[in-house]
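Chemist: File start.cif below, mmCIF, C-alpha atoms:
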data_target
#
loop_
_atom_site.label_atom_id
_atom_site.label_comp_id
_atom_site.auth_asym_id
_atom_site.auth_seq_id
_atom_site.Cartn_x
_atom_site.Cartn_y
_atom_site.Cartn_z
CA MET V 1 -0.66 15.95 21.54
CA SER V 2 1.05 19.31 20.99
CA ARG V 3 2.57 18.36 17.63
CA PRO V 4 0.45 15.71 15.94
CA PHE V 5 1.97 13.14 13.66
CA ALA V 6 0.69 10.45 11.36
CA VAL V 7 1.49 6.98 10.15
CA LEU V 8 0.56 6.48 6.52
CA PHE V 9 -0.21 2.94 5.38
CA ASP V 10 -0.29 1.35 2.00
CA VAL V 11 -3.12 -1.20 2.07
CA ASP V 12 -2.68 -4.01 -0.49
CA GLY V 13 0.10 -6.33 0.66
CA THR V 14 0.71 -4.21 3.75
CA LEU V 15 -2.48 -4.56 5.80
CA VAL V 16 -4.42 -7.10 3.72
CA ASP V 17 -3.13 -10.18 1.89
CA THR V 18 -4.09 -9.25 -1.67
CA ASN V 19 -0.95 -9.02 -3.78
CA TYR V 20 -1.15 -12.51 -5.23
CA LEU V 21 -4.87 -12.10 -5.89
CA HIS V 22 -3.95 -9.04 -7.94
CA VAL V 23 -1.27 -11.03 -9.78
CA HIS V 24 -3.74 -13.78 -10.63
CA ALA V 25 -6.32 -11.27 -11.86
CA TRP V 26 -3.74 -9.51 -14.05
CA VAL V 27 -2.47 -12.82 -15.45
CA ARG V 28 -5.97 -13.80 -16.55
CA ALA V 29 -6.69 -10.36 -17.96
CA PHE V 30 -3.49 -10.31 -20.04
CA ARG V 31 -4.04 -13.82 -21.33
CA GLU V 32 -7.61 -13.09 -22.33
CA GLU V 33 -6.25 -10.26 -24.47
CA ASN V 34 -3.48 -12.53 -25.84
CA VAL V 35 -0.80 -10.33 -24.32
CA ASP V 36 2.15 -12.44 -23.17
CA VAL V 37 3.37 -11.32 -19.73
CA ASP V 38 5.17 -13.55 -17.23
CA SER V 39 3.63 -13.70 -13.78
CA TRP V 40 6.86 -12.66 -12.07
CA ARG V 41 6.93 -9.42 -14.06
CA ILE V 42 3.39 -8.69 -12.93
CA HIS V 43 4.28 -9.38 -9.30
CA ARG V 44 7.21 -6.97 -9.46
CA SER V 45 4.81 -4.28 -10.70
CA ILE V 46 2.15 -4.71 -8.02
CA GLY V 47 1.75 -1.48 -6.07
CA MET V 48 2.52 0.62 -9.11
CA ASP V 49 -0.09 2.93 -10.62
CA GLY V 50 -2.49 0.69 -12.58
CA SER V 51 -2.29 2.63 -15.83
CA THR V 52 1.50 2.68 -15.63
CA LEU V 53 1.56 -1.08 -14.93
CA VAL V 54 -0.55 -1.80 -18.00
CA ALA V 55 1.42 0.56 -20.22
CA ASN V 56 4.73 -0.97 -19.10
CA LEU V 57 3.65 -4.59 -19.50
CA SER V 58 1.36 -4.53 -22.52
CA GLY V 59 3.91 -3.33 -25.05
CA ASP V 60 2.31 -1.54 -27.96
CA ALA V 61 -1.27 -2.48 -27.05
CA SER V 62 -3.87 0.06 -28.11
CA ASP V 63 -5.60 2.38 -25.67
CA ALA V 64 -8.76 0.28 -26.04
CA VAL V 65 -6.92 -2.92 -25.12
CA GLN V 66 -5.22 -1.24 -22.17
CA GLN V 67 -8.58 -0.05 -20.86
CA ARG V 68 -10.06 -3.53 -21.26
CA LEU V 69 -7.11 -4.95 -19.34
CA LYS V 70 -7.71 -2.60 -16.43
CA ASP V 71 -11.45 -3.22 -16.41
CA ARG V 72 -11.04 -6.99 -16.59
CA HIS V 73 -8.43 -7.01 -13.80
CA SER V 74 -10.78 -5.05 -11.57
CA SER V 75 -13.66 -7.43 -12.28
CA LEU V 76 -11.58 -10.57 -11.68
CA TYR V 77 -10.06 -9.14 -8.52
CA LYS V 78 -13.46 -8.28 -7.06
CA ASP V 79 -14.64 -11.81 -7.90
CA SER V 80 -11.96 -13.06 -5.47
CA ALA V 81 -12.96 -10.70 -2.65
CA ASP V 82 -14.01 -13.58 -0.39
CA LEU V 83 -10.37 -14.72 -0.32
CA ILE V 84 -9.08 -11.43 1.13
CA VAL V 85 -7.90 -11.59 4.72
CA ARG V 86 -6.16 -9.21 7.10
CA LEU V 87 -2.44 -9.73 7.47
CA PRO V 88 -1.33 -10.77 10.99
CA GLY V 89 -1.48 -7.90 13.45
CA ALA V 90 -2.98 -5.39 11.01
CA ARG V 91 -6.03 -4.48 13.07
CA GLU V 92 -4.09 -4.56 16.33
CA LEU V 93 -1.39 -2.24 14.95
CA LEU V 94 -3.89 0.34 13.68
CA HIS V 95 -5.76 0.40 16.98
CA HIS V 96 -2.56 0.53 19.03
CA LEU V 97 -1.40 3.59 17.08
CA ALA V 98 -4.79 5.32 17.31
CA GLY V 99 -4.86 4.61 21.04
CA ASN V 100 -1.54 6.40 21.39
CA GLY V 101 -2.75 9.53 19.65
CA VAL V 102 -1.32 8.72 16.24
CA GLN V 103 -3.29 9.76 13.17
CA VAL V 104 -3.70 6.64 11.02
CA VAL V 105 -4.12 7.35 7.31
CA LEU V 106 -4.61 4.83 4.51
CA ALA V 107 -2.41 6.11 1.68
CA SER V 108 -3.86 3.83 -0.96
CA SER V 109 -4.01 4.35 -4.71
CA ALA V 110 -6.63 1.62 -5.19
CA PRO V 111 -9.97 2.48 -6.83
CA GLU V 112 -12.64 3.40 -4.29
CA ASP V 113 -14.67 0.23 -4.84
CA GLU V 114 -11.61 -1.96 -4.18
CA LEU V 115 -10.63 0.14 -1.16
CA ALA V 116 -14.14 -0.29 0.25
CA ILE V 117 -13.66 -4.07 0.12
CA THR V 118 -10.33 -4.00 1.94
CA ARG V 119 -11.57 -1.51 4.55
CA LYS V 120 -14.41 -3.87 5.34
CA VAL V 121 -11.92 -6.71 5.81
CA LEU V 122 -9.71 -4.50 8.00
CA ASP V 123 -12.69 -3.65 10.23
CA SER V 124 -10.75 -0.72 11.67
CA ASP V 125 -12.52 2.43 10.50
CA ASP V 126 -12.72 3.62 14.11
CA ALA V 127 -8.90 3.85 14.12
CA ILE V 128 -8.54 5.52 10.71
CA VAL V 129 -8.79 9.30 10.38
CA ALA V 130 -8.48 9.60 6.60
CA ALA V 131 -7.85 7.66 3.39
CA THR V 132 -6.86 8.26 -0.19
CA SER V 133 -7.79 6.43 -3.37
CA SER V 134 -6.98 6.52 -7.08
CA LYS V 135 -9.41 9.39 -7.64
CA ASP V 136 -7.20 11.73 -5.60
CA VAL V 137 -4.32 11.84 -8.11
CA ASP V 138 -3.77 11.53 -11.83
CA THR V 139 -0.80 9.17 -11.38
CA ALA V 140 -0.24 6.96 -8.35
CA LYS V 141 2.91 5.42 -6.90
CA PRO V 142 5.84 5.73 -7.44
CA ASP V 143 4.70 9.33 -8.03
CA PRO V 144 4.59 10.96 -4.56
CA GLY V 145 1.16 12.53 -5.09
CA ILE V 146 -0.76 10.01 -2.96
CA VAL V 147 1.67 10.48 -0.07
CA LYS V 148 1.34 14.25 -0.28
CA VAL V 149 -2.46 14.05 -0.29
CA ALA V 150 -2.32 11.75 2.76
CA LEU V 151 -0.10 14.27 4.56
CA GLU V 152 -2.52 17.08 3.77
CA ARG V 153 -5.47 15.09 5.11
CA ALA V 154 -3.59 14.34 8.30
CA GLY V 155 -2.56 18.00 8.59
CA VAL V 156 1.11 17.15 9.16
CA SER V 157 4.40 17.85 7.44
CA ALA V 158 6.65 15.15 6.01
CA ASP V 159 8.91 15.21 9.08
CA ARG V 160 5.91 14.37 11.28
CA ALA V 161 4.94 11.23 9.41
CA VAL V 162 6.13 7.71 8.64
CA PHE V 163 5.04 5.62 5.65
CA VAL V 164 4.57 1.84 5.95
CA GLY V 165 4.41 -0.22 2.77
CA ASP V 166 5.40 -3.48 1.11
CA ALA V 167 6.58 -2.45 -2.36
CA VAL V 168 9.54 -0.63 -3.85
CA TRP V 169 6.98 1.79 -5.32
CA ASP V 170 5.87 2.69 -1.79
CA GLY V 171 9.46 3.40 -0.82
CA GLU V 172 10.07 5.51 -3.90
CA ALA V 173 6.91 7.55 -3.34
CA ALA V 174 7.78 8.09 0.33
CA ARG V 175 11.35 9.12 -0.51
CA ARG V 176 10.19 11.61 -3.11
CA ALA V 177 7.75 13.06 -0.57
CA GLY V 178 10.44 13.26 2.12
CA VAL V 179 8.69 10.79 4.46
CA PRO V 180 10.61 8.05 6.35
CA PHE V 181 9.71 4.58 5.06
CA ILE V 182 9.29 1.24 6.87
CA GLY V 183 8.97 -1.86 4.72
CA LEU V 184 7.08 -5.12 5.16
CA ARG V 185 7.90 -8.46 3.52
CA SER V 186 4.21 -9.41 3.32
CA GLY V 187 3.98 -8.25 -0.28
CA GLY V 188 6.60 -10.76 -1.39
CA VAL V 189 9.48 -8.35 -2.10
CA ALA V 190 13.05 -9.12 -1.01
CA ASP V 191 14.62 -7.17 1.85
CA CYS V 192 17.43 -5.87 -0.36
CA GLU V 193 14.97 -4.32 -2.79
CA ILE V 194 12.85 -2.73 -0.06
CA GLU V 195 15.98 -1.40 1.61
CA LYS V 196 17.28 -0.06 -1.70
CA ALA V 197 13.96 1.75 -2.04
CA GLY V 198 14.73 3.55 1.22
CA ALA V 199 13.31 1.41 4.03
CA GLN V 200 14.79 2.27 7.41
CA ALA V 201 13.71 -1.14 8.71
CA VAL V 202 11.98 -4.22 7.29
CA PHE V 203 9.53 -6.53 9.12
CA ASP V 204 7.57 -9.61 8.14
CA ASP V 205 4.13 -8.13 8.61
CA PRO V 206 2.13 -5.67 10.75
CA LEU V 207 2.38 -7.99 13.76
CA GLU V 208 6.18 -8.00 13.76
CA LEU V 209 6.21 -4.24 13.28
CA LEU V 210 3.91 -3.85 16.29
CA GLN V 211 6.16 -6.11 18.38
CA HIS V 212 9.21 -3.97 17.55
CA LEU V 213 7.54 -0.59 17.31
CA ASP V 214 9.64 1.05 20.02
CA GLY V 215 12.80 0.64 17.95
CA THR V 216 11.38 2.33 14.83
CA ALA V 217 10.83 5.90 13.67
CA ILE V 218 7.20 5.45 14.73
CA GLY V 219 8.26 4.58 18.26
CA THR V 220 10.55 7.61 18.32
CA LEU V 221 7.69 9.96 17.42
CA ILE V 222 5.40 8.38 20.02
CA GLY V 223 8.15 8.74 22.62
CA GLU V 224 8.68 12.41 21.75
CA ALA V 225 4.94 13.02 22.07
CA VAL V 226 4.78 11.34 25.47
CA HIS V 227 7.79 13.29 26.69
CA SER V 228 6.43 16.65 25.52
CA ALA V 229 3.11 15.94 27.21
CA LYS V 230 4.75 15.58 30.64
#
As structure tokens, how would this structure be written, given the file I've shared?
Modeler:
Amino acid sequence: MSRPFAVLFDVDGTLVDTNYLHVHAWVRAFREENVDVDSWRIHRSIGMDGSTLVANLSGDASDAVQQRLKDRHSSLYKDSADLIVRLPGARELLHHLAGNGVQVVLASSAPEDELAITRKVLDSDDAIVAATSSKDVDTAKPDPGIVKVALERAGVSADRAVFVGDAVWDGEAARRAGVPFIGLRSGGVADCEIEKAGAQAVFDDPLELLQHLDGTAIGTLIGEAVHSAK
């Protein structure tokens, strides 16, 4: 391919069905610390940088309490690892893109140990050229840092990439990095919110995106690559 391009993927809620496991883990962590937070507020924060989530939801909790909240969430989430499954079409979509010369990058801000769990569930490392994790930036989404690191690892500019995610924080990070954004409903966020965050199109899950790929910005880039190769 004369001008390579990449598709950047959020992981939690986009490729693997984990958002509600994260909510449950956060609910238990907050309650164990006697911090009152409604579950719906936690759900609306999933996909946000973990430290920012805790700071926003824990009020005036001390630094020590905030650290315990993060540690406890991580422990509880990993305890539920056997419940993690791929979302419909996730593996097929990644391999279809890789088979068409697309660089597939996981633009995740999850800790490395959590990312290792989801990558094992995805079972698609042969289709993935690079990945990011929380160690790559000081502050994750909606800060665009993770997206920019993913672009650097793919060796492409923002106009040669598309970001796929399920949260408004994904859309905000993509917009701030200048990367087109496609949204998925699989994280439990309403269309109007994903669209307001900048999504050019919204699909149920990776399978529906794969079925309609030709009509998206991803399909356009693949078509341009095929045309230029002739």
Chemist: Using Å and a single decimal, report how far CA of Glu112 (chain V) sits from CA of His73 (chain V).
Modeler: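 Answer for the CA of His73 (chain V) to CA of Glu112 (chain V) separation: 14.7 Å.
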Chemist: Separation of CA of Asp138 (chain V) and CA of Arg41 (chain V), in Å?
Modeler: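 Separation of CA of Asp138 (chain V) and CA of Arg41 (chain V): 23.6 Å.
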Chemist: Could you spell out the hits of the PyMOL selection byres ((chain V and resi 13-30) around 9) on the shown file, as a PyMOL selection string?
Modeler: chain V and resi 9-12+31-40+42-43+46-47+58+68-77+80-81+83-91+118+121-122+164-167+183-188+205-206
Chemist: Between CA of Asn100 (chain V) and CA of Gly171 (chain V), what distance in Å does the model show, to one decimal?
Modeler: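 For CA of Asn100 (chain V) relative to CA of Gly171 (chain V), the distance reads 25.0 Å.
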Chemist: So, counting all atoms listed in the file, which residue among V:Gln67, V:Ser108, V:Thr132, V:Thr139 is closest to Thr52 (chain V)?
Modeler: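 Closest to Thr52 (chain V), using all atoms listed in the file: V:Thr139.
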Chemist: For Lys78 (chain V), which of V:Asp214, V:Asp170, V:Asp49, V:Asp113 is the closest residue, counting all atoms listed in the file?
Modeler: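 Of the candidates, the smallest distance to Lys78 (chain V) is held by V:Asp113.
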Chemist: Specify as a PyMOL selection string each residue included when the PyMOL selection byres ((chain V and resi 172) around 8) is applied to this file.
Modeler: chain V and resi 141-144+168-171+173-176+197-198
Chemist: Would you translate the PyMOL selection byres ((chain V and resi 216) around 12) into the concrete set of residues it matches in this file, as a PyMOL selection string?
Modeler: chain V and resi 7+162-164+180-183+199-203+208-215+217-223
Chemist: Find the residue from V:Ala64, V:Ile128, V:Ala55, V:Val149 that sits nearest to His95 (chain V); use all atoms listed in the file when measuring.
Modeler: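 Selected residue with least distance to His95 (chain V): V:Ile128.
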Chemist: Compare V:Leu8, V:Ala177, V:Ile194, V:Leu53 by their minimum atom-to-atom distance to Leu106 (chain V), counting only C-alpha atoms, and give me the closest one.
Modeler: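 Looking at the shortest contact to Leu106 (chain V), the residue is V:Leu8.
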Chemist: Using all atoms listed in the file, which of the listed residues (V:Gln103, V:Asp191, V:Asp63, V:Asp123) sits closest to Glu152 (chain V)?
Modeler: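 The shortest atom-to-atom distance to Glu152 (chain V) comes from V:Gln103.
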Chemist: Quick one: of V:Ala127, V:Cys192, V:Val105, V:Arg44, who's nearest to Ala150 (chain V), counting all atoms listed in the file?
Modeler: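 That would be V:Val105, the residue with the smallest distance to Ala150 (chain V).
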Chemist: Here's a test: counting only C-alpha atoms, identify every protein, DNA and RNA residue with an atom at most 7 Å from (0.4, 7.3, 14.4) in the file's coordinate frame, and state them as an MDAnalysis selection string.
Modeler: chainID V and resid 5:7 97:98 101:104
Chemist: Please produce region 77-88 of chain V, completed to all heavy atoms, as a short mmCIF file (atom, residue, chain, number, x, y, z; two decimals), keeping the file's coordinate frame.
Modeler:
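The file below, selection-v3.cif, is the result:
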data_model
loop_
_atom_site.label_atom_id
_atom_site.label_comp_id
_atom_site.auth_asym_id
_atom_site.auth_seq_id
_atom_site.Cartn_x
_atom_site.Cartn_y
_atom_site.Cartn_z
N TYR V 77 -10.51 -9.33 -9.90
CA TYR V 77 -10.06 -9.14 -8.52
C TYR V 77 -11.26 -9.11 -7.57
O TYR V 77 -11.25 -9.76 -6.51
CB TYR V 77 -9.25 -7.84 -8.40
CG TYR V 77 -8.94 -7.46 -6.98
CD1 TYR V 77 -7.99 -8.17 -6.24
CD2 TYR V 77 -9.60 -6.40 -6.36
CE1 TYR V 77 -7.71 -7.82 -4.92
CE2 TYR V 77 -9.32 -6.06 -5.04
CZ TYR V 77 -8.38 -6.77 -4.33
OH TYR V 77 -8.11 -6.44 -3.03
N LYS V 78 -12.29 -8.37 -7.93
CA LYS V 78 -13.46 -8.28 -7.06
C LYS V 78 -14.17 -9.63 -6.94
O LYS V 78 -14.78 -9.92 -5.90
CB LYS V 78 -14.41 -7.19 -7.56
CG LYS V 78 -13.89 -5.79 -7.24
CD LYS V 78 -14.85 -4.70 -7.65
CE LYS V 78 -14.77 -4.41 -9.12
NZ LYS V 78 -15.52 -3.19 -9.50
N ASP V 79 -14.06 -10.47 -7.97
CA ASP V 79 -14.64 -11.81 -7.90
C ASP V 79 -13.96 -12.65 -6.82
O ASP V 79 -14.54 -13.63 -6.34
CB ASP V 79 -14.52 -12.53 -9.25
CG ASP V 79 -15.52 -12.00 -10.27
OD1 ASP V 79 -16.47 -11.29 -9.88
OD2 ASP V 79 -15.34 -12.29 -11.47
N SER V 80 -12.70 -12.29 -6.47
CA SER V 80 -11.96 -13.06 -5.47
C SER V 80 -12.00 -12.42 -4.09
O SER V 80 -11.24 -12.79 -3.19
CB SER V 80 -10.49 -13.22 -5.91
OG SER V 80 -9.83 -11.96 -5.93
N ALA V 81 -12.91 -11.48 -3.90
CA ALA V 81 -12.96 -10.70 -2.65
C ALA V 81 -13.14 -11.58 -1.42
O ALA V 81 -12.66 -11.23 -0.33
CB ALA V 81 -14.08 -9.67 -2.72
N ASP V 82 -13.79 -12.72 -1.56
CA ASP V 82 -14.01 -13.58 -0.39
C ASP V 82 -12.73 -14.25 0.08
O ASP V 82 -12.70 -14.86 1.17
CB ASP V 82 -15.08 -14.63 -0.70
CG ASP V 82 -14.70 -15.54 -1.85
OD1 ASP V 82 -13.95 -15.09 -2.75
OD2 ASP V 82 -15.15 -16.70 -1.86
N LEU V 83 -11.65 -14.13 -0.70
CA LEU V 83 -10.37 -14.72 -0.32
C LEU V 83 -9.48 -13.72 0.43
O LEU V 83 -8.42 -14.09 0.94
CB LEU V 83 -9.62 -15.23 -1.56
CG LEU V 83 -10.30 -16.34 -2.36
CD1 LEU V 83 -9.48 -16.64 -3.60
CD2 LEU V 83 -10.46 -17.60 -1.51
N ILE V 84 -9.89 -12.47 0.49
CA ILE V 84 -9.08 -11.43 1.13
C ILE V 84 -9.14 -11.56 2.64
O ILE V 84 -10.22 -11.68 3.22
CB ILE V 84 -9.55 -10.02 0.71
CG1 ILE V 84 -9.44 -9.86 -0.81
CG2 ILE V 84 -8.73 -8.94 1.40
CD1 ILE V 84 -10.07 -8.56 -1.33
N VAL V 85 -7.98 -11.53 3.26
CA VAL V 85 -7.90 -11.59 4.72
C VAL V 85 -6.94 -10.50 5.21
O VAL V 85 -6.09 -10.03 4.47
CB VAL V 85 -7.41 -12.96 5.23
CG1 VAL V 85 -8.41 -14.05 4.87
CG2 VAL V 85 -6.03 -13.30 4.68
N ARG V 86 -7.12 -10.12 6.48
CA ARG V 86 -6.16 -9.21 7.10
C ARG V 86 -4.82 -9.93 7.29
O ARG V 86 -4.79 -11.12 7.59
CB ARG V 86 -6.64 -8.75 8.48
CG ARG V 86 -7.82 -7.81 8.47
CD ARG V 86 -8.05 -7.20 9.86
NE ARG V 86 -8.34 -8.18 10.88
CZ ARG V 86 -9.56 -8.59 11.20
NH1 ARG V 86 -10.61 -8.11 10.57
NH2 ARG V 86 -9.75 -9.48 12.17
N LEU V 87 -3.75 -9.17 7.13
CA LEU V 87 -2.44 -9.73 7.47
C LEU V 87 -2.29 -9.75 8.99
O LEU V 87 -2.93 -8.96 9.70
CB LEU V 87 -1.34 -8.89 6.83
CG LEU V 87 -1.16 -9.19 5.32
CD1 LEU V 87 -0.43 -8.06 4.62
CD2 LEU V 87 -0.43 -10.52 5.13
N PRO V 88 -1.47 -10.65 9.54
CA PRO V 88 -1.33 -10.77 10.99
C PRO V 88 -0.98 -9.44 11.65
O PRO V 88 -0.06 -8.74 11.23
CB PRO V 88 -0.18 -11.78 11.14
CG PRO V 88 -0.25 -12.62 9.90
CD PRO V 88 -0.67 -11.66 8.82
#
